[in-house]
Structures are given as structure tokens and as C-alpha cells.
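Undergrad: First, the structure itself, so that you have it in front of you.
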Amino acid sequence: MSAPVKSPVGAHYGLRDWVAQRLTALVMILYTALWLVVLLWHGGLDYPQWKALWSGNAFRVATFVFMSALLWHAWIGMRNILMDYIKPFGIRIALQGAVIAVLVGYLGWTISLLWGGPAA
Amino acid sequence: MPVAPPTRKPRPVYLDLTSIRQPLPAVVSILHRISGALLFAFGIPLLLCTVATSVASAEAYARFKGLIGSPLAKLVLLVLAWAYLHHLFAGIRHLFADAHVGVDLPSARRSAAIALVLALVCTIALAARLW
């Protein structure tokens, strides 16, 4: 029996991230199309319509799916940018940590907007 | 007969990005990056802020609209709208390339031009509505 072959290269998140980047992009394209349809259908929204739109559960879930896709997509993109341009390891890791912190903040903000407080 | 060792002529290395004329697909590509970074840093918080204030109450919505009514704010909005549109169209172009559609050089140049121009035209149309 041969010993398991250790792959000589890579951390193996490249392909997964590449696929995730595309799938999240498709989700966002669909959500954008949904918005286009809503806006064209109503021809602009007044405040009661706007408020009603945001209190619909289907719309909230769709928005949450969109935001999750967006934040995941943003992480992949920002990490690619940092890996390309920031060479010193310590600074790069620090910046990547900052990006993650910001993204988690965006996610918390999104959830509290959609389901928390009097606004919801 | 002994084989002569390969002689290598020193090749000129010239990578001054500021004076190399970039091909159109390269311009679209770097703008895809820049627009993505802009959306991460400014687009997402602005989006969340807009939704937060606008859903809270009609007064808060009116206040927010007044706040973003200044010429400078409108300019920022337009830049971010352009970033979204460019990222969207250049991204769709990428998805086609992933499916091996339009990867030969003439089509790639053409689709780069289409993505670039489409984003600008949509931004201008939006500007016309904003003003």
C-alpha cells in the first residue's frame, strides 16, 4: 500500500473560493434583477409602499441571502487584492483581520436592520 | 562537436505601468478591482445607512434625502453607482469568459468596451435623473 500522496502545492481554498465567487455573483445578479422589476413595476415607491416592501418576509429573506452573498464575495475579493499588493506578512494579516471585522460588522448591521428594533 | 552553452541576450525589462499603454481589457480589469474595493469600503455602509434611515420613519427618510441632496453627496452617489454598474457588467463578462464564451482577442476587446461603455451610459442616465 502506498503512502498517501501529499499534494505539493496550494492551500486548496483556491478552487472553492473561485466557485463561491461565481455563485455569489449569480445570487447578486438575480437580486439586482428583482429590484429592477420592483422599481419598474411600481415606477418609483412612496413611503408606505417602501415600508410595506421591507416588512414582507420573503423580501427580507431575499435581502438577507443577497447580503450574505455580497459579504462572502467581498471577503474573497478583498483577500485577493491584499494578497496581490501587500507583501509584508504581518501587515497583510492585520489588514485581512480588519476586513473580516468590518464584514462581520456589516452582517450584524444587516441582521439588526432586517429583524431587530422598531424599524423592522 | 561540443554544444555551445546557451547564450542568453539580456532582455530589456520595462514595467513602468504609468507609461505603458494598457489594452482595454486591462483597463476594465483594474477598474473591476477598484470598483470592488470602493463598494466594500463605501458602497455597503452607504447602502445599509440608506435602508436604515429610510425604513425608520418618513421624517428620517426626508432628512436623509436632504442630506444626500447636496452636489457633493450626489457626486459620491454617482461614483458608487458607477462602481456597482461597472462591477456588475465586468463581472457578467467574466462569467461568460468562464463558460468559454468570447475568449478570442477581438471578442474580448469588444466585450471589454461594451462593459465599460454600458456602465458609463447607465451612470450618465442616473445622473440625469438625480439632477
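Going through the C-alpha cells in order, the chains are called A, B, and so on, while each chain numbers its residues from 1 and the ligands are numbered from 1 in the order shown.
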With 8 Å as the limit and counting only C-alpha atoms, what residues in chain A lie close to chain B? Please list them as a list in words.

TA: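 In the required form, that comes to Arg22, Ala25, Ile29, Tyr47, Trp50, Lys51, Trp54, Ala74, Gly77, Met78, Ile81, Tyr106, Trp109, Thr110, Leu113, Pro118, Ala119 and Ala120 of chain A.
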
Undergrad: Rank nothing, just name the residue among B:Leu67, B:Ile20, B:Ala108, B:Ala83 nearest to Thr123 of chain B, using only C-alpha atoms.

TA: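 When distances to Thr123 of chain B are compared using only C-alpha atoms, the smallest one comes from B:Ala83.
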
Undergrad: Using DSSP on the backbone coordinates, identify all residues within chain B classified as alpha helix (DSSP H); present the result as JSON, numbers by chain.

TA: {"B": [24, 25, 26, 27, 28, 29, 30, 31, 32, 33, 34, 35, 36, 37, 38, 44, 45, 46, 47, 48, 49, 50, 51, 52, 53, 54, 55, 56, 58, 59, 60, 61, 62, 63, 64, 65, 66, 67, 71, 72, 73, 74, 75, 76, 77, 78, 79, 80, 81, 82, 83, 84, 85, 86, 87, 88, 89, 90, 91, 92, 93, 94, 95, 96, 97, 98, 105, 106, 107, 108, 109, 110, 111, 112, 113, 114, 115, 116, 117, 118, 119, 120, 121, 122, 123, 124, 125, 126, 127, 128, 129, 130]}

Undergrad: Counting only C-alpha atoms, what is within 9 Å of Ala69 of chain A, bar same-chain residues fewer than 6 positions away, as a list in words?

TA: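 Non-adjacent residues within range: Ala20, Gln21, Leu23, Thr24, Ala25, Val27 and Met28 of chain A.
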
Undergrad: Generate the output file for the selected residues, N, CA, C and O atoms, as an mmCIF file, in the first residue's frame.

TA:
```cif
data_model
loop_
_atom_site.group_PDB
_atom_site.id
_atom_site.type_symbol
_atom_site.label_atom_id
_atom_site.label_comp_id
_atom_site.auth_asym_id
_atom_site.auth_seq_id
_atom_site.Cartn_x
_atom_site.Cartn_y
_atom_site.Cartn_z
ATOM 1 N N ALA A 20 -17.148 29.877 -5.246
ATOM 2 C CA ALA A 20 -18.008 30.699 -4.379
ATOM 3 C C ALA A 20 -18.158 32.105 -4.939
ATOM 4 O O ALA A 20 -19.247 32.686 -4.908
ATOM 5 N N GLN A 21 -17.073 32.651 -5.475
ATOM 6 C CA GLN A 21 -17.120 33.996 -6.041
ATOM 7 C C GLN A 21 -18.146 34.070 -7.175
ATOM 8 O O GLN A 21 -18.917 35.020 -7.266
ATOM 9 N N LEU A 23 -20.743 31.834 -7.737
ATOM 10 C CA LEU A 23 -22.107 31.544 -7.278
ATOM 11 C C LEU A 23 -22.710 32.754 -6.556
ATOM 12 O O LEU A 23 -23.868 33.122 -6.781
ATOM 13 N N THR A 24 -21.902 33.406 -5.702
ATOM 14 C CA THR A 24 -22.418 34.587 -5.007
ATOM 15 C C THR A 24 -22.718 35.697 -6.008
ATOM 16 O O THR A 24 -23.676 36.458 -5.839
ATOM 17 N N ALA A 25 -21.906 35.767 -7.074
ATOM 18 C CA ALA A 25 -22.163 36.774 -8.113
ATOM 19 C C ALA A 25 -23.518 36.529 -8.760
ATOM 20 O O ALA A 25 -24.294 37.468 -8.972
ATOM 21 N N VAL A 27 -26.121 35.049 -7.446
ATOM 22 C CA VAL A 27 -27.163 35.425 -6.483
ATOM 23 C C VAL A 27 -27.399 36.935 -6.531
ATOM 24 O O VAL A 27 -28.546 37.410 -6.561
ATOM 25 N N MET A 28 -26.300 37.694 -6.578
ATOM 26 C CA MET A 28 -26.435 39.156 -6.567
ATOM 27 C C MET A 28 -27.041 39.682 -7.859
ATOM 28 O O MET A 28 -27.804 40.657 -7.846
#
```

Undergrad: As a list in words, please: the residues near segment 111-113 of chain B (cut-off 9 Å, only C-alpha atoms, same-chain neighbours under 5 positions excluded).

TA: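 With the cut-off at 9 Å, the set is Leu24, Pro25, Ala26, Val27, Val28, Ser29, Ala90, Arg93, Gly102, Pro106 and Leu118 of chain B.
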
Undergrad: Produce a file of the selected residues containing N, CA, C and O atoms, as an mmCIF file, in the first residue's frame.

TA:
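This is the output file part38.cif:
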```
data_model
loop_
_atom_site.group_PDB
_atom_site.id
_atom_site.type_symbol
_atom_site.label_atom_id
_atom_site.label_comp_id
_atom_site.auth_asym_id
_atom_site.auth_seq_id
_atom_site.Cartn_x
_atom_site.Cartn_y
_atom_site.Cartn_z
ATOM 1 N N LEU B 24 -7.470 47.746 -23.584
ATOM 2 C CA LEU B 24 -8.796 47.989 -22.996
ATOM 3 C C LEU B 24 -9.226 46.924 -21.974
ATOM 4 O O LEU B 24 -9.724 47.265 -20.901
ATOM 5 N N PRO B 25 -9.034 45.618 -22.272
ATOM 6 C CA PRO B 25 -9.410 44.626 -21.252
ATOM 7 C C PRO B 25 -8.658 44.811 -19.934
ATOM 8 O O PRO B 25 -9.210 44.537 -18.858
ATOM 9 N N ALA B 26 -7.410 45.301 -20.001
ATOM 10 C CA ALA B 26 -6.650 45.532 -18.777
ATOM 11 C C ALA B 26 -7.247 46.690 -17.989
ATOM 12 O O ALA B 26 -7.307 46.659 -16.760
ATOM 13 N N VAL B 27 -7.703 47.713 -18.718
ATOM 14 C CA VAL B 27 -8.334 48.864 -18.059
ATOM 15 C C VAL B 27 -9.615 48.417 -17.355
ATOM 16 O O VAL B 27 -9.855 48.749 -16.189
ATOM 17 N N VAL B 28 -10.423 47.628 -18.064
ATOM 18 C CA VAL B 28 -11.675 47.137 -17.475
ATOM 19 C C VAL B 28 -11.372 46.279 -16.259
ATOM 20 O O VAL B 28 -12.064 46.335 -15.240
ATOM 21 N N SER B 29 -10.309 45.491 -16.345
ATOM 22 C CA SER B 29 -9.939 44.598 -15.252
ATOM 23 C C SER B 29 -9.529 45.366 -13.999
ATOM 24 O O SER B 29 -9.993 45.058 -12.892
ATOM 25 N N ALA B 90 -18.720 44.119 -15.796
ATOM 26 C CA ALA B 90 -17.431 43.438 -15.952
ATOM 27 C C ALA B 90 -17.513 42.035 -15.361
ATOM 28 O O ALA B 90 -16.885 41.094 -15.868
ATOM 29 N N ARG B 93 -19.264 39.789 -17.752
ATOM 30 C CA ARG B 93 -18.293 39.466 -18.803
ATOM 31 C C ARG B 93 -17.372 38.316 -18.346
ATOM 32 O O ARG B 93 -17.064 37.409 -19.115
ATOM 33 N N GLY B 102 -16.632 33.987 -25.932
ATOM 34 C CA GLY B 102 -15.988 35.263 -26.265
ATOM 35 C C GLY B 102 -14.603 35.439 -25.700
ATOM 36 O O GLY B 102 -14.267 36.512 -25.206
ATOM 37 N N PRO B 106 -10.425 39.479 -30.400
ATOM 38 C CA PRO B 106 -11.363 40.520 -30.850
ATOM 39 C C PRO B 106 -12.634 40.570 -29.996
ATOM 40 O O PRO B 106 -13.090 41.665 -29.618
ATOM 41 N N LEU B 118 -21.262 50.590 -21.275
ATOM 42 C CA LEU B 118 -22.589 50.358 -20.689
ATOM 43 C C LEU B 118 -22.665 50.933 -19.278
ATOM 44 O O LEU B 118 -23.648 51.592 -18.906
#
```

Undergrad: To one decimal place in Å, what is the distance between atom CA of Phe64 of chain B and atom CA of Leu126 of chain B?

TA: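 We find that atom CA of Phe64 of chain B and atom CA of Leu126 of chain B lie 18.8 Å from each other.
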